[in-house]
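Structure data (mmCIF, C-alpha atoms and all ligand atoms) from run-v8.cif:
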```
data_protein
#
loop_
_atom_site.label_atom_id
_atom_site.label_comp_id
_atom_site.auth_asym_id
_atom_site.auth_seq_id
_atom_site.Cartn_x
_atom_site.Cartn_y
_atom_site.Cartn_z
CA MET B 13 0.00 0.00 0.00
CA ALA B 14 1.46 3.38 -0.97
CA GLY B 15 0.33 6.81 0.25
CA GLU B 16 -0.25 9.87 -1.95
CA ASP B 17 3.45 10.62 -1.91
CA GLY B 18 4.36 7.05 -2.91
CA VAL B 19 5.75 6.09 0.50
CA ALA B 20 4.69 2.53 1.26
CA LEU B 21 3.88 1.04 4.64
CA PRO B 22 6.67 -1.39 5.49
CA LYS B 23 5.56 -4.96 4.85
CA LEU B 24 7.53 -7.66 6.64
CA PRO B 25 7.54 -11.27 5.41
CA GLU B 26 5.74 -13.76 7.63
CA GLY B 27 7.48 -16.93 8.82
CA VAL B 28 10.51 -18.13 10.76
CA PHE B 29 13.55 -15.80 10.62
CA PHE B 30 15.75 -17.36 13.32
CA ASP B 31 16.16 -21.00 14.37
CA ASP B 32 19.16 -22.37 16.27
CA GLY B 33 17.65 -25.78 16.94
CA GLU B 34 16.30 -24.75 20.34
CA LEU B 35 15.02 -21.20 20.02
CA THR B 36 12.80 -20.03 17.18
CA LEU B 37 11.72 -16.54 16.20
CA SER B 38 8.99 -15.95 13.66
CA TYR B 39 7.00 -12.99 12.40
CA SER B 40 3.26 -12.93 11.78
CA GLU B 41 0.62 -10.29 11.19
CA GLN B 42 -1.65 -12.24 13.57
CA GLU B 43 -1.34 -11.64 17.29
CA PRO B 44 -0.45 -14.99 18.95
CA PRO B 45 -3.50 -16.31 20.86
CA TRP B 46 -1.47 -16.55 24.10
CA ALA B 47 -0.07 -13.00 23.91
CA GLU B 48 -2.84 -11.33 25.88
CA GLY B 49 -2.35 -13.83 28.73
CA LEU B 50 1.40 -13.23 28.68
CA TYR B 51 0.95 -9.45 28.82
CA ARG B 52 -1.41 -9.84 31.77
CA GLN B 53 1.29 -11.70 33.76
CA VAL B 54 4.27 -9.49 32.94
CA VAL B 55 5.44 -7.00 35.53
CA TRP B 56 6.39 -3.88 33.59
CA GLY B 57 8.33 -0.87 34.75
CA THR B 58 11.43 -0.40 36.76
CA ARG B 59 12.86 0.03 40.19
CA GLY B 60 10.87 3.27 40.38
CA LEU B 61 7.42 1.82 39.73
CA ARG B 62 6.37 -1.70 38.76
CA TYR B 63 2.95 -2.52 37.39
CA ARG B 64 0.77 -5.08 35.62
CA LEU B 65 -1.67 -4.25 32.86
CA LEU B 66 -5.27 -4.82 33.96
CA GLU B 67 -6.63 -4.41 30.45
CA PRO B 68 -3.95 -5.43 27.94
CA ARG B 69 -6.69 -6.04 25.33
CA VAL B 70 -7.58 -2.33 25.23
CA MET B 71 -3.93 -1.39 24.70
CA LEU B 72 -3.33 -4.11 22.11
CA ASP B 73 -6.41 -3.01 20.14
CA ALA B 74 -5.20 0.60 20.28
CA LEU B 75 -2.20 -0.40 18.15
CA GLN B 76 -4.66 -0.64 15.23
CA ARG B 77 -2.38 -2.65 12.97
CA SER B 78 0.51 -4.61 14.35
CA GLY B 79 2.80 -7.49 13.56
CA TRP B 80 4.16 -9.93 16.10
CA VAL B 81 7.44 -11.66 16.72
CA THR B 82 6.81 -14.98 18.43
CA PHE B 83 9.59 -16.49 20.53
CA LEU B 84 9.49 -20.27 21.08
CA ARG B 85 11.77 -22.65 22.97
CA GLN B 86 11.23 -26.00 21.32
CA THR B 87 7.48 -25.63 20.82
CA THR B 88 6.72 -23.60 23.96
CA PRO B 89 5.95 -19.87 23.66
CA ILE B 90 8.38 -17.93 25.88
CA GLY B 91 8.07 -14.34 24.68
CA ALA B 92 6.65 -11.88 22.18
CA TYR B 93 7.46 -8.53 20.63
CA GLY B 94 5.14 -6.16 18.77
CA LEU B 95 6.27 -4.45 15.56
CA VAL B 96 3.90 -1.71 14.41
CA PRO B 97 4.44 -0.60 10.81
CA GLY B 98 3.67 3.01 9.96
CA ILE B 99 4.73 6.06 8.00
CA ARG B 100 6.25 8.83 10.08
CA SER B 101 7.89 12.17 9.44
CA TRP B 102 11.64 12.51 9.49
CA ASN B 103 13.21 15.90 8.83
CA GLY B 104 10.08 17.03 6.98
CA GLU B 105 9.89 13.89 4.82
CA ARG B 106 7.53 10.91 5.22
CA VAL B 107 9.44 7.66 5.72
CA PRO B 108 8.60 4.02 6.49
CA ALA B 109 8.69 3.32 10.23
CA ILE B 110 8.49 0.39 12.61
CA TYR B 111 7.49 1.07 16.19
CA ARG B 112 8.79 -1.61 18.59
CA THR B 113 6.58 -2.30 21.58
CA PHE B 114 5.30 -4.93 24.03
CA LEU B 115 8.68 -6.66 24.35
CA ALA B 116 8.32 -9.32 27.03
CA LEU B 117 9.40 -12.76 28.16
CA ARG B 118 7.53 -15.11 30.44
CA PRO B 119 8.33 -13.70 33.93
CA GLU B 120 10.04 -16.88 35.17
CA LEU B 121 12.49 -16.77 32.22
CA THR B 122 13.88 -13.25 32.59
CA GLY B 123 17.57 -12.61 33.40
CA ARG B 124 18.90 -15.53 31.29
CA SER B 125 19.96 -13.62 28.17
CA LEU B 126 16.88 -14.71 26.25
CA GLY B 127 15.80 -11.07 25.83
CA ARG B 128 19.12 -10.34 24.17
CA VAL B 129 18.51 -13.04 21.54
CA LEU B 130 14.97 -11.79 20.89
CA VAL B 131 16.01 -8.13 20.42
CA ALA B 132 19.28 -8.73 18.52
CA GLU B 133 17.86 -11.27 16.07
CA THR B 134 14.75 -9.16 15.46
CA ARG B 135 16.97 -6.19 14.68
CA ARG B 136 18.91 -8.29 12.17
CA PHE B 137 15.61 -9.28 10.53
CA LEU B 138 14.47 -5.63 10.39
CA GLN B 139 17.80 -4.49 8.93
CA GLU B 140 17.36 -6.93 6.08
CA GLN B 141 13.77 -5.89 5.48
CA LEU B 142 13.90 -2.11 5.88
CA PRO B 143 16.61 -0.51 3.76
CA ARG B 144 15.33 2.99 4.54
CA GLY B 145 13.28 4.34 7.42
CA VAL B 146 13.22 4.45 11.20
CA VAL B 147 12.83 1.63 13.73
CA PHE B 148 12.19 2.90 17.25
CA GLY B 149 10.89 2.09 20.72
CA PHE B 150 10.46 3.72 24.14
CA ILE B 151 12.38 2.30 27.11
CA GLU B 152 12.08 3.59 30.66
CA ASP B 153 15.27 5.29 31.87
CA ASP B 154 15.91 2.78 34.61
CA ASN B 155 14.90 -0.40 32.77
CA THR B 156 18.57 -1.37 32.78
CA ALA B 157 18.10 -4.78 31.20
CA SER B 158 16.00 -3.54 28.31
CA LEU B 159 18.29 -0.56 27.64
CA ALA B 160 21.37 -2.80 27.76
CA ILE B 161 20.04 -5.30 25.24
CA SER B 162 18.75 -2.55 22.96
CA ARG B 163 22.12 -0.76 23.01
CA ARG B 164 24.02 -3.98 22.45
CA ALA B 165 21.79 -4.82 19.48
CA GLY B 166 22.87 -1.49 17.94
CA TYR B 167 19.99 0.88 18.68
CA VAL B 168 21.01 4.42 19.64
CA PRO B 169 19.19 7.02 21.77
CA ILE B 170 17.59 9.75 19.67
CA ALA B 171 15.45 11.47 22.29
CA SER B 172 14.79 11.65 25.97
CA VAL B 173 11.13 11.72 26.89
CA VAL B 174 9.49 12.93 30.08
CA ALA B 175 6.17 11.45 31.25
CA GLU B 176 4.30 14.01 33.37
CA ASN B 177 1.39 13.33 35.70
CA TYR B 178 -1.53 15.72 35.80
CA ALA B 179 -3.94 15.31 38.71
CA VAL B 180 -7.01 17.12 39.99
CA LEU B 181 -8.60 15.94 43.25
CA ARG B 182 -12.04 17.21 42.31
CA PRO B 183 -12.26 18.00 38.61
CA ALA B 184 -15.05 20.39 37.63
CA ALA B 185 -17.03 20.68 34.42
CA VAL B 186 -15.56 23.20 31.96
CA ALA B 187 -17.89 25.13 29.64
CA GLY B 188 -17.11 24.69 25.96
CA VAL B 189 -15.53 21.23 26.26
CA ARG B 190 -16.98 18.78 23.75
CA ARG B 191 -16.06 15.70 21.76
CA LEU B 192 -14.58 16.13 18.30
CA GLU B 193 -17.04 15.38 15.51
CA ALA B 194 -15.96 12.83 12.92
CA GLN B 195 -15.96 15.40 10.09
CA GLU B 196 -13.61 17.66 12.08
CA ARG B 197 -10.76 15.18 11.94
CA GLU B 198 -8.88 16.88 9.10
CA ARG B 199 -9.17 20.26 10.78
CA LEU B 200 -7.59 18.83 13.93
CA GLN B 201 -4.85 17.15 11.88
CA ASP B 202 -4.06 20.50 10.24
CA CYS B 203 -3.87 22.22 13.64
CA LEU B 204 -1.49 19.52 14.90
CA GLU B 205 0.67 19.59 11.75
CA THR B 206 1.16 23.33 12.22
CA LEU B 207 1.90 23.24 15.96
CA TYR B 208 4.32 20.30 15.68
CA ALA B 209 5.90 21.35 12.37
CA GLY B 210 9.47 21.15 13.71
CA HIS B 211 9.03 17.64 15.17
CA ASP B 212 10.06 14.21 13.88
CA LEU B 213 8.02 10.95 14.06
CA THR B 214 4.65 12.67 13.56
CA ASP B 215 1.92 10.53 11.96
CA PHE B 216 -1.31 12.48 12.54
CA ASP B 217 -3.08 10.99 9.52
CA GLN B 218 -2.77 7.58 11.19
CA SER B 219 -2.73 8.27 14.91
CA VAL B 220 -5.56 10.78 15.33
CA VAL B 221 -8.53 8.71 16.53
CA PRO B 222 -11.53 11.07 16.26
CA GLU B 223 -13.68 9.15 18.79
CA GLN B 224 -11.00 9.80 21.44
CA CYS B 225 -10.53 13.51 20.71
CA TRP B 226 -11.91 16.53 22.54
CA VAL B 227 -11.92 20.26 21.82
CA LEU B 228 -12.41 23.37 23.89
CA GLU B 229 -14.32 26.01 21.98
CA ARG B 230 -14.74 29.62 23.08
CA GLY B 231 -16.82 32.13 21.13
CA GLY B 232 -17.05 29.63 18.28
CA VAL B 233 -13.25 29.34 18.06
CA TRP B 234 -11.14 26.29 18.93
CA VAL B 235 -8.69 27.19 21.67
CA ALA B 236 -7.44 23.70 22.63
CA ALA B 237 -7.71 20.01 21.67
CA LEU B 238 -6.40 16.65 22.85
CA GLN B 239 -6.80 12.89 22.46
CA ALA B 240 -7.56 10.76 25.55
CA GLU B 241 -7.33 6.99 26.04
CA ARG B 242 -8.22 5.09 29.22
CA ARG B 243 -5.57 3.00 31.01
CA ARG B 244 -5.80 0.65 34.01
CA PHE B 245 -2.76 -0.74 35.82
CA GLU B 246 -2.23 -2.68 39.01
CA LEU B 247 0.73 -1.19 40.88
CA VAL B 248 2.67 -4.13 42.28
CA ASP B 249 5.53 -2.13 43.76
CA LEU B 250 5.88 1.58 44.34
CA GLY B 251 9.64 1.20 44.79
CA TYR B 252 11.06 2.35 48.09
CA ARG B 253 13.89 4.38 46.60
CA GLY B 254 11.82 5.99 43.90
CA TRP B 255 8.13 6.58 44.19
CA LEU B 256 7.40 5.84 47.81
CA LYS B 257 10.19 7.99 49.16
CA ARG B 258 9.22 10.95 47.06
CA ALA B 259 5.56 10.30 47.90
CA VAL B 260 5.95 10.62 51.66
CA PRO B 261 5.04 14.30 51.99
CA TRP B 262 2.04 13.74 49.79
CA ILE B 263 0.75 10.47 51.10
CA PRO B 264 -2.74 11.64 52.17
CA VAL B 265 -3.27 13.18 48.73
CA VAL B 266 -1.67 10.25 46.93
CA ARG B 267 -3.95 7.87 48.82
CA GLN B 268 -6.99 9.79 47.67
CA LEU B 269 -5.85 9.80 44.07
CA VAL B 270 -4.21 6.41 43.62
CA ASP B 271 -5.65 2.98 44.34
CA PRO B 272 -2.66 0.68 43.71
CA ARG B 273 -4.93 -2.30 42.95
CA ASP B 274 -6.74 -0.35 40.25
CA TYR B 275 -4.69 2.60 39.10
CA ARG B 276 -6.76 4.40 36.47
CA PHE B 277 -5.66 7.31 34.37
CA LEU B 278 -6.11 8.93 30.99
CA TRP B 279 -3.34 8.91 28.45
CA TYR B 280 -3.37 12.35 26.83
CA GLN B 281 -1.79 12.67 23.40
CA HIS B 282 -1.97 15.13 20.53
CA LEU B 283 -2.16 18.23 22.68
CA TRP B 284 -3.01 21.31 20.67
CA PHE B 285 -3.56 24.91 21.79
CA ARG B 286 -3.76 28.34 20.22
CA GLU B 287 -0.46 30.13 20.50
CA ASP B 288 -2.13 33.17 22.09
CA GLN B 289 -4.06 31.13 24.70
CA PRO B 290 -1.79 28.32 25.96
CA GLY B 291 -3.59 28.28 29.37
CA ALA B 292 -6.72 26.95 27.66
CA ILE B 293 -5.14 23.52 27.35
CA PHE B 294 -5.17 23.17 31.13
CA ASP B 295 -8.88 23.99 31.17
CA LEU B 296 -9.45 21.30 28.56
CA MET B 297 -7.26 18.80 30.44
CA GLN B 298 -9.43 19.30 33.51
CA GLY B 299 -12.71 19.31 31.56
CA VAL B 300 -11.85 15.96 29.93
CA LEU B 301 -10.94 14.41 33.31
CA TYR B 302 -14.37 15.51 34.53
CA ALA B 303 -16.23 14.34 31.43
CA MET B 304 -14.56 10.89 31.50
CA GLY B 305 -14.84 10.44 35.28
CA HIS B 306 -11.10 10.42 36.00
CA ARG B 307 -8.74 12.41 38.22
CA LEU B 308 -5.36 11.58 36.69
CA ALA B 309 -3.76 11.91 33.30
CA ASN B 310 -0.33 11.10 31.93
CA LEU B 311 1.40 13.01 29.12
CA GLN B 312 4.68 12.32 27.32
CA PHE B 313 6.89 14.91 25.72
CA ASP B 314 10.36 15.18 24.25
CA ARG B 315 12.14 17.53 26.66
CA ARG B 316 13.52 19.55 23.73
CA SER B 317 10.10 20.34 22.29
CA PRO B 318 9.20 24.06 22.31
CA VAL B 319 5.54 22.98 22.53
CA TYR B 320 6.37 21.15 25.76
CA ALA B 321 8.10 24.25 27.18
CA ARG B 322 5.10 26.46 26.38
CA TRP B 323 2.60 23.94 27.74
CA ARG B 324 4.58 23.38 30.93
CA ARG B 325 4.74 27.12 31.66
CA SER B 326 1.06 27.70 31.12
CA GLY B 327 -0.51 25.82 34.05
CA ARG B 328 -0.03 23.62 37.11
CA LEU B 329 0.12 19.83 37.04
CA GLY B 330 -1.15 19.35 40.59
CA PRO B 331 -0.13 17.07 43.48
CA LEU B 332 1.38 14.17 41.46
CA ALA B 333 3.73 16.34 39.39
CA VAL B 334 6.69 15.09 41.44
CA PHE B 335 6.22 11.57 40.02
CA ARG B 336 7.51 12.30 36.56
CA ASN B 337 9.53 9.55 34.93
CA GLY B 338 11.65 9.32 31.83
CA PHE B 339 12.08 7.21 28.71
CA GLN B 340 14.81 6.84 26.14
CA VAL B 341 13.78 6.58 22.52
CA MET B 342 16.11 3.91 21.11
CA ALA B 343 16.21 3.94 17.33
CA ASP B 344 17.85 2.54 14.24
CA LEU B 345 17.97 5.14 11.48
CA ARG B 346 18.12 3.21 8.23
CA ASP B 347 19.74 5.38 5.56
CA LEU B 348 18.59 8.54 7.38
CA ALA B 349 20.71 11.12 9.19
CA PRO B 350 20.08 12.17 12.80
CA THR B 351 18.35 15.55 12.88
CA GLY B 352 18.51 16.67 16.50
CA ARG B 353 14.88 17.80 16.15
CA PRO B 354 12.41 16.99 18.93
CA ILE B 355 10.17 14.01 18.33
CA LEU B 356 6.45 13.70 18.86
CA CYS B 357 5.57 10.90 21.30
CA THR B 358 2.67 9.05 19.76
CA THR B 359 2.95 5.55 21.04
CA ARG B 360 -0.44 4.08 20.32
CA GLY B 361 -0.50 1.47 23.04
CA ALA B 362 2.91 1.25 24.65
C1 LIG F 1 13.22 -6.69 29.38
C2 LIG F 1 13.39 -8.18 29.10
C3 LIG F 1 12.80 -8.52 27.73
C4 LIG F 1 14.92 -8.43 29.08
O1 LIG F 1 15.18 -9.76 28.80
P1 LIG F 1 16.10 -10.64 29.77
O2 LIG F 1 16.30 -11.96 29.11
O3 LIG F 1 15.50 -10.63 31.12
O4 LIG F 1 17.44 -9.81 29.77
P2 LIG F 1 18.89 -10.42 29.57
O5 LIG F 1 19.06 -11.59 30.52
O6 LIG F 1 19.12 -10.66 28.10
O7 LIG F 1 19.77 -9.23 30.12
C5 LIG F 1 20.10 -8.10 29.34
C6 LIG F 1 21.14 -7.28 30.02
O8 LIG F 1 20.59 -6.61 31.15
C7 LIG F 1 21.30 -7.00 32.33
N1 LIG F 1 20.29 -7.22 33.35
C8 LIG F 1 19.36 -8.20 33.38
N2 LIG F 1 18.55 -8.03 34.45
C9 LIG F 1 18.98 -6.91 35.08
C10 LIG F 1 18.56 -6.21 36.23
N3 LIG F 1 17.53 -6.62 36.96
N4 LIG F 1 19.26 -5.11 36.59
C11 LIG F 1 20.31 -4.69 35.85
N5 LIG F 1 20.74 -5.32 34.75
C12 LIG F 1 20.08 -6.40 34.36
C13 LIG F 1 22.04 -8.26 32.00
O9 LIG F 1 23.23 -8.37 32.76
C14 LIG F 1 22.33 -8.07 30.54
O10 LIG F 1 23.42 -7.17 30.38
P3 LIG F 1 24.54 -7.43 29.27
O11 LIG F 1 23.82 -7.63 27.97
O12 LIG F 1 25.38 -6.20 29.29
O13 LIG F 1 25.23 -8.67 29.76
C15 LIG F 1 12.73 -9.07 30.18
O14 LIG F 1 13.40 -8.89 31.42
C16 LIG F 1 11.25 -8.79 30.39
O15 LIG F 1 10.39 -9.37 29.74
N6 LIG F 1 10.93 -7.87 31.32
C17 LIG F 1 9.56 -7.47 31.65
C18 LIG F 1 8.91 -6.60 30.58
C19 LIG F 1 9.77 -5.42 30.15
O16 LIG F 1 10.32 -4.70 30.97
N7 LIG F 1 9.85 -5.21 28.81
C20 LIG F 1 10.66 -4.17 28.23
C21 LIG F 1 9.90 -2.92 28.05
S1 LIG F 1 10.90 -1.69 27.24
#
```

Let me see the structure of the file written as structure tokens.
Amino acid sequence: MAGEDGVALPKLPEGVFFDDGELTLSYSEQEPPWAEGLYRQVVWGTRGLRYRLLEPRVMLDALQRSGWVTFLRQTTPIGAYGLVPGIRSWNGERVPAIYRTFLALRPELTGRSLGRVLVAETRRFLQEQLPRGVVFGFIEDDNTASLAISRRAGYVPIASVVAENYAVLRPAAVAGVRRLEAQERERLQDCLETLYAGHDLTDFDQSVVPEQCWVLERGGVWVAALQAERRRFELVDLGYRGWLKRAVPWIPVVRQLVDPRDYRFLWYQHLWFREDQPGAIFDLMQGVLYAMGHRLANLQFDRRSPVYARWRRSGRLGPLAVFRNGFQVMADLRDLAPTGRPILCTTRGA
């Protein structure tokens, strides 16, 4: 399939691409039937915060189209890895892209170098299949094992991402907040293209999901917009050295906001605001929390983004702001030069 500009979605061949007699790696466009169960068991995160996914199905469906690397030992499934093909911007051009996500082994098999085989051999496969484009994934700053195997396989950091928490104890309704209408999709895409013009890895034509978008309108004029997805985690460990320690002064507030057994929040993406009214985005962020019955939201930005700087200055994140965490974007630029431009963090499911 080729877009208007002739750039085709990367298409990877299905079948076995690694077999050493004991371990097998294969690629398929079908999600393995056991993957959802695996992703329910896996403990994600780092020393700072460890969590399980309560609704992996919702996140897997949010990927829209995805391919899967299946990892078998003899005939037993031991791990999986999602590869999401797309077309993203790079230095103003549209290029084929593969977003790497949902890398996981069965929990009882971690720490035995199996992850290294999975990542390194998959990279070899992708190098053969994608002569030009960008392969990338997000790895939490202190996920030492995942960063080590990614680096060793040859991926390099291209951006450092901050995940901010926005929280409102008692969100109130905000006048002028409404859902985006389906026919307004292109208008929102145009707004986003303009605001994020200097950013790499944008893919608004694919990642804007109109049913999840909201706008704030004042006097018949759009002043802010965003996309919101629901997430539910179970926090298995708040991490003494990280979260819990920093949480101490806030514990009464944290207790009111966070139920570790059912940690619910909204994932805000595609933030847009009028240049002359940046504060409006905070009104919309609160209005959407209210409308969707939530009190927390999480937002990811490249620290170098001027949009991030403007957004951050224009309002207050509330009592959970201290719990920000970071990610490295580890990438393989295939026949493309590094640009040093900020990236847009659309993850669609990770
Ligand atoms: C991340 C994951 C795939 C890594 O696979 P793994 O087989 O456990 O990792 P490996 O045994 O290949 O170890 C990789 C490297 O990390 C190091 N390492 C492993 N566990 C570590 C730990 N707990 N702390 C620090 N380093 C660690 C190893 O020494 C090795 O380093 P080296 O390559 O320099 O020798 C696996 O642990 C997993 O499924 N984790 C849960 C889900 C997850 O975090 N996914 C990644 C999201 S980005």

>> Please determine, counting all atoms listed in the file, which residue among B:Asp32, B:Asp154, B:Asp274, B:Glu196 has the shortest atom-to-atom distance to ligand LIG 1 (chain F).
In response: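 Checking each candidate against ligand LIG 1 (chain F), we get B:Asp154 as the closest.
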
>> When you look at Gln340 (chain B) with a cut-off of 7 Å (counting all atoms listed in the file), what residues show up, excluding the ones that are within fewer than 4 positions of it in the same chain? I need them as a ChimeraX atom specification.
In response: /B:150-153,169,171-173

Listed atoms of ligand LIG 1 (chain F) boxed axis-aligned with 8 Å per side, centre + edges as JSON:
```
{"center_x": 17.1, "center_y": -6.8, "center_z": 32.1, "size_x": 32.5, "size_y": 26.3, "size_z": 25.7}
```

>> Which residues are near ligand LIG 1 (chain F) in this structure, taking near to mean any atom at most 9 Å from a ligand atom and counting only C-alpha atoms and all ligand atoms? Format them as a VMD selection string.
In response: chain B and resid 51 54 to 59 91 to 93 112 to 119 121 to 131 149 to 152 154 to 164 362

> With all atoms listed in the file as the atoms that count, which of B:Phe137, B:Tyr111, B:Trp46, B:Tyr39 lies nearest to Val81 (chain B)?
Replying inline: B:Tyr39

> For Gln76 (chain B), which residue among B:Glu41, B:Asp344, B:Glu229, B:Glu48 is the nearest when counting all atoms listed in the file?
Replying inline: B:Glu41

>> Please determine, counting all atoms listed in the file, which residue among B:Leu142, B:Leu228, B:Ala236, B:Leu329 has the shortest atom-to-atom distance to Val186 (chain B).
In response: B:Leu228

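Distances from B:Ala132, B:Val174, B:Val146, B:Leu37 to Pro89 (chain B) were compared using all atoms listed in the file, and the smallest one belongs to B:Leu37.
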
> In Å to one decimal, how far is CA of Trp102 (chain B) from CA of Ala343 (chain B)?
Replying inline: 12.5 Å

Could you list as an mmCIF file with C-alpha atoms, keeping the file's coordinate frame every residue that has an atom within 12 Å of (-17.1, 15.4, 11.9), using the file's coordinates and counting all atoms listed in the file?
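Dumped to point_28.cif:
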```cif
data_model
loop_
_atom_site.group_PDB
_atom_site.id
_atom_site.type_symbol
_atom_site.label_atom_id
_atom_site.label_comp_id
_atom_site.auth_asym_id
_atom_site.auth_seq_id
_atom_site.Cartn_x
_atom_site.Cartn_y
_atom_site.Cartn_z
ATOM 1 C CA ARG B 191 -16.060 15.700 21.760
ATOM 2 C CA LEU B 192 -14.580 16.130 18.300
ATOM 3 C CA GLU B 193 -17.040 15.380 15.510
ATOM 4 C CA ALA B 194 -15.960 12.830 12.920
ATOM 5 C CA GLN B 195 -15.960 15.400 10.090
ATOM 6 C CA GLU B 196 -13.610 17.660 12.080
ATOM 7 C CA ARG B 197 -10.760 15.180 11.940
ATOM 8 C CA GLU B 198 -8.880 16.880 9.100
ATOM 9 C CA ARG B 199 -9.170 20.260 10.780
ATOM 10 C CA LEU B 200 -7.590 18.830 13.930
ATOM 11 C CA VAL B 221 -8.530 8.710 16.530
ATOM 12 C CA PRO B 222 -11.530 11.070 16.260
ATOM 13 C CA GLU B 223 -13.680 9.150 18.790
ATOM 14 C CA CYS B 225 -10.530 13.510 20.710
ATOM 15 C CA TRP B 226 -11.910 16.530 22.540
#
```

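Between Ile90 (chain B) and the candidates B:Ile263, B:Leu50, B:Leu75, B:Ile110, the tightest atom-to-atom separation, counting only C-alpha atoms, involves B:Leu50.
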
>> Between CA of Val168 (chain B) and CA of Asp347 (chain B), what is the distance in Å, rounded to a tenth?
In response: 14.2 Å

> Could you pull the residues within 7 Å of Arg100 (chain B), counting all atoms listed in the file, minus those fewer than 3 positions along the same chain, as an MDAnalysis selection string?
Replying inline: chainID B and resid 106:109 213:215

> In file coordinates, which residues lie within 12 Å of (7.9, -23.9, 21.6) using only C-alpha atoms, given as a ChimeraX atom specification?
Replying inline: /B:31,33-38,82-91

For region 201-210 of chain B, list every protein, DNA or RNA residue within 12 Å, evaluated using all atoms listed in the file, and leave out those in the same chain fewer than 5 positions away; present the list as a PDB file with C-alpha atoms, in the frame of the given file.
```
ATOM      1  CA  SER B 101       7.890  12.170   9.440  1.00  0.00           C
ATOM      2  CA  TRP B 102      11.640  12.510   9.490  1.00  0.00           C
ATOM      3  CA  ASN B 103      13.210  15.900   8.830  1.00  0.00           C
ATOM      4  CA  GLY B 104      10.080  17.030   6.980  1.00  0.00           C
ATOM      5  CA  GLU B 105       9.890  13.890   4.820  1.00  0.00           C
ATOM      6  CA  LEU B 192     -14.580  16.130  18.300  1.00  0.00           C
ATOM      7  CA  ALA B 194     -15.960  12.830  12.920  1.00  0.00           C
ATOM      8  CA  GLN B 195     -15.960  15.400  10.090  1.00  0.00           C
ATOM      9  CA  GLU B 196     -13.610  17.660  12.080  1.00  0.00           C
ATOM     10  CA  ASP B 215       1.920  10.530  11.960  1.00  0.00           C
ATOM     11  CA  PHE B 216      -1.310  12.480  12.540  1.00  0.00           C
ATOM     12  CA  ASP B 217      -3.080  10.990   9.520  1.00  0.00           C
ATOM     13  CA  GLN B 218      -2.770   7.580  11.190  1.00  0.00           C
ATOM     14  CA  SER B 219      -2.730   8.270  14.910  1.00  0.00           C
ATOM     15  CA  VAL B 220      -5.560  10.780  15.330  1.00  0.00           C
ATOM     16  CA  VAL B 221      -8.530   8.710  16.530  1.00  0.00           C
ATOM     17  CA  PRO B 222     -11.530  11.070  16.260  1.00  0.00           C
ATOM     18  CA  CYS B 225     -10.530  13.510  20.710  1.00  0.00           C
ATOM     19  CA  VAL B 227     -11.920  20.260  21.820  1.00  0.00           C
ATOM     20  CA  TRP B 234     -11.140  26.290  18.930  1.00  0.00           C
ATOM     21  CA  VAL B 235      -8.690  27.190  21.670  1.00  0.00           C
ATOM     22  CA  ALA B 236      -7.440  23.700  22.630  1.00  0.00           C
ATOM     23  CA  ALA B 237      -7.710  20.010  21.670  1.00  0.00           C
ATOM     24  CA  LEU B 238      -6.400  16.650  22.850  1.00  0.00           C
ATOM     25  CA  GLN B 239      -6.800  12.890  22.460  1.00  0.00           C
ATOM     26  CA  GLN B 281      -1.790  12.670  23.400  1.00  0.00           C
ATOM     27  CA  HIS B 282      -1.970  15.130  20.530  1.00  0.00           C
ATOM     28  CA  LEU B 283      -2.160  18.230  22.680  1.00  0.00           C
ATOM     29  CA  TRP B 284      -3.010  21.310  20.670  1.00  0.00           C
ATOM     30  CA  PHE B 285      -3.560  24.910  21.790  1.00  0.00           C
ATOM     31  CA  ARG B 286      -3.760  28.340  20.220  1.00  0.00           C
ATOM     32  CA  GLU B 287      -0.460  30.130  20.500  1.00  0.00           C
ATOM     33  CA  PRO B 290      -1.790  28.320  25.960  1.00  0.00           C
ATOM     34  CA  PHE B 313       6.890  14.910  25.720  1.00  0.00           C
ATOM     35  CA  ASP B 314      10.360  15.180  24.250  1.00  0.00           C
ATOM     36  CA  ARG B 316      13.520  19.550  23.730  1.00  0.00           C
ATOM     37  CA  SER B 317      10.100  20.340  22.290  1.00  0.00           C
ATOM     38  CA  PRO B 318       9.200  24.060  22.310  1.00  0.00           C
ATOM     39  CA  VAL B 319       5.540  22.980  22.530  1.00  0.00           C
ATOM     40  CA  TYR B 320       6.370  21.150  25.760  1.00  0.00           C
ATOM     41  CA  ARG B 322       5.100  26.460  26.380  1.00  0.00           C
ATOM     42  CA  TRP B 323       2.600  23.940  27.740  1.00  0.00           C
ATOM     43  CA  THR B 351      18.350  15.550  12.880  1.00  0.00           C
ATOM     44  CA  GLY B 352      18.510  16.670  16.500  1.00  0.00           C
ATOM     45  CA  ARG B 353      14.880  17.800  16.150  1.00  0.00           C
ATOM     46  CA  PRO B 354      12.410  16.990  18.930  1.00  0.00           C
ATOM     47  CA  ILE B 355      10.170  14.010  18.330  1.00  0.00           C
ATOM     48  CA  LEU B 356       6.450  13.700  18.860  1.00  0.00           C
ATOM     49  CA  CYS B 357       5.570  10.900  21.300  1.00  0.00           C
TER      50      CYS B 357
END
```

> CA of Glu176 (chain B) to CA of Asp288 (chain B): how many Å, to one decimal?
Replying inline: 23.1 Å

> Using all atoms listed in the file, which residues sit within 12 Å of Pro331 (chain B) once same-chain residues fewer than 2 positions away are excluded, as a ChimeraX atom specification?
Replying inline: /B:176-182,258-259,261-270,307-309,328-329,333-336

If you keep C-alpha atoms, can you output region 72-77 of chain B as a JSON list (two decimals), in the first residue's frame?
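File written: selection_13.json
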```json
[["chain", "number", "residue", "atom", "x", "y", "z"],
["B", 72, "LEU", "CA", -3.33, -4.11, 22.11],
["B", 73, "ASP", "CA", -6.41, -3.01, 20.14],
["B", 74, "ALA", "CA", -5.20, 0.60, 20.28],
["B", 75, "LEU", "CA", -2.20, -0.40, 18.15],
["B", 76, "GLN", "CA", -4.66, -0.64, 15.23],
["B", 77, "ARG", "CA", -2.38, -2.65, 12.97]]
```
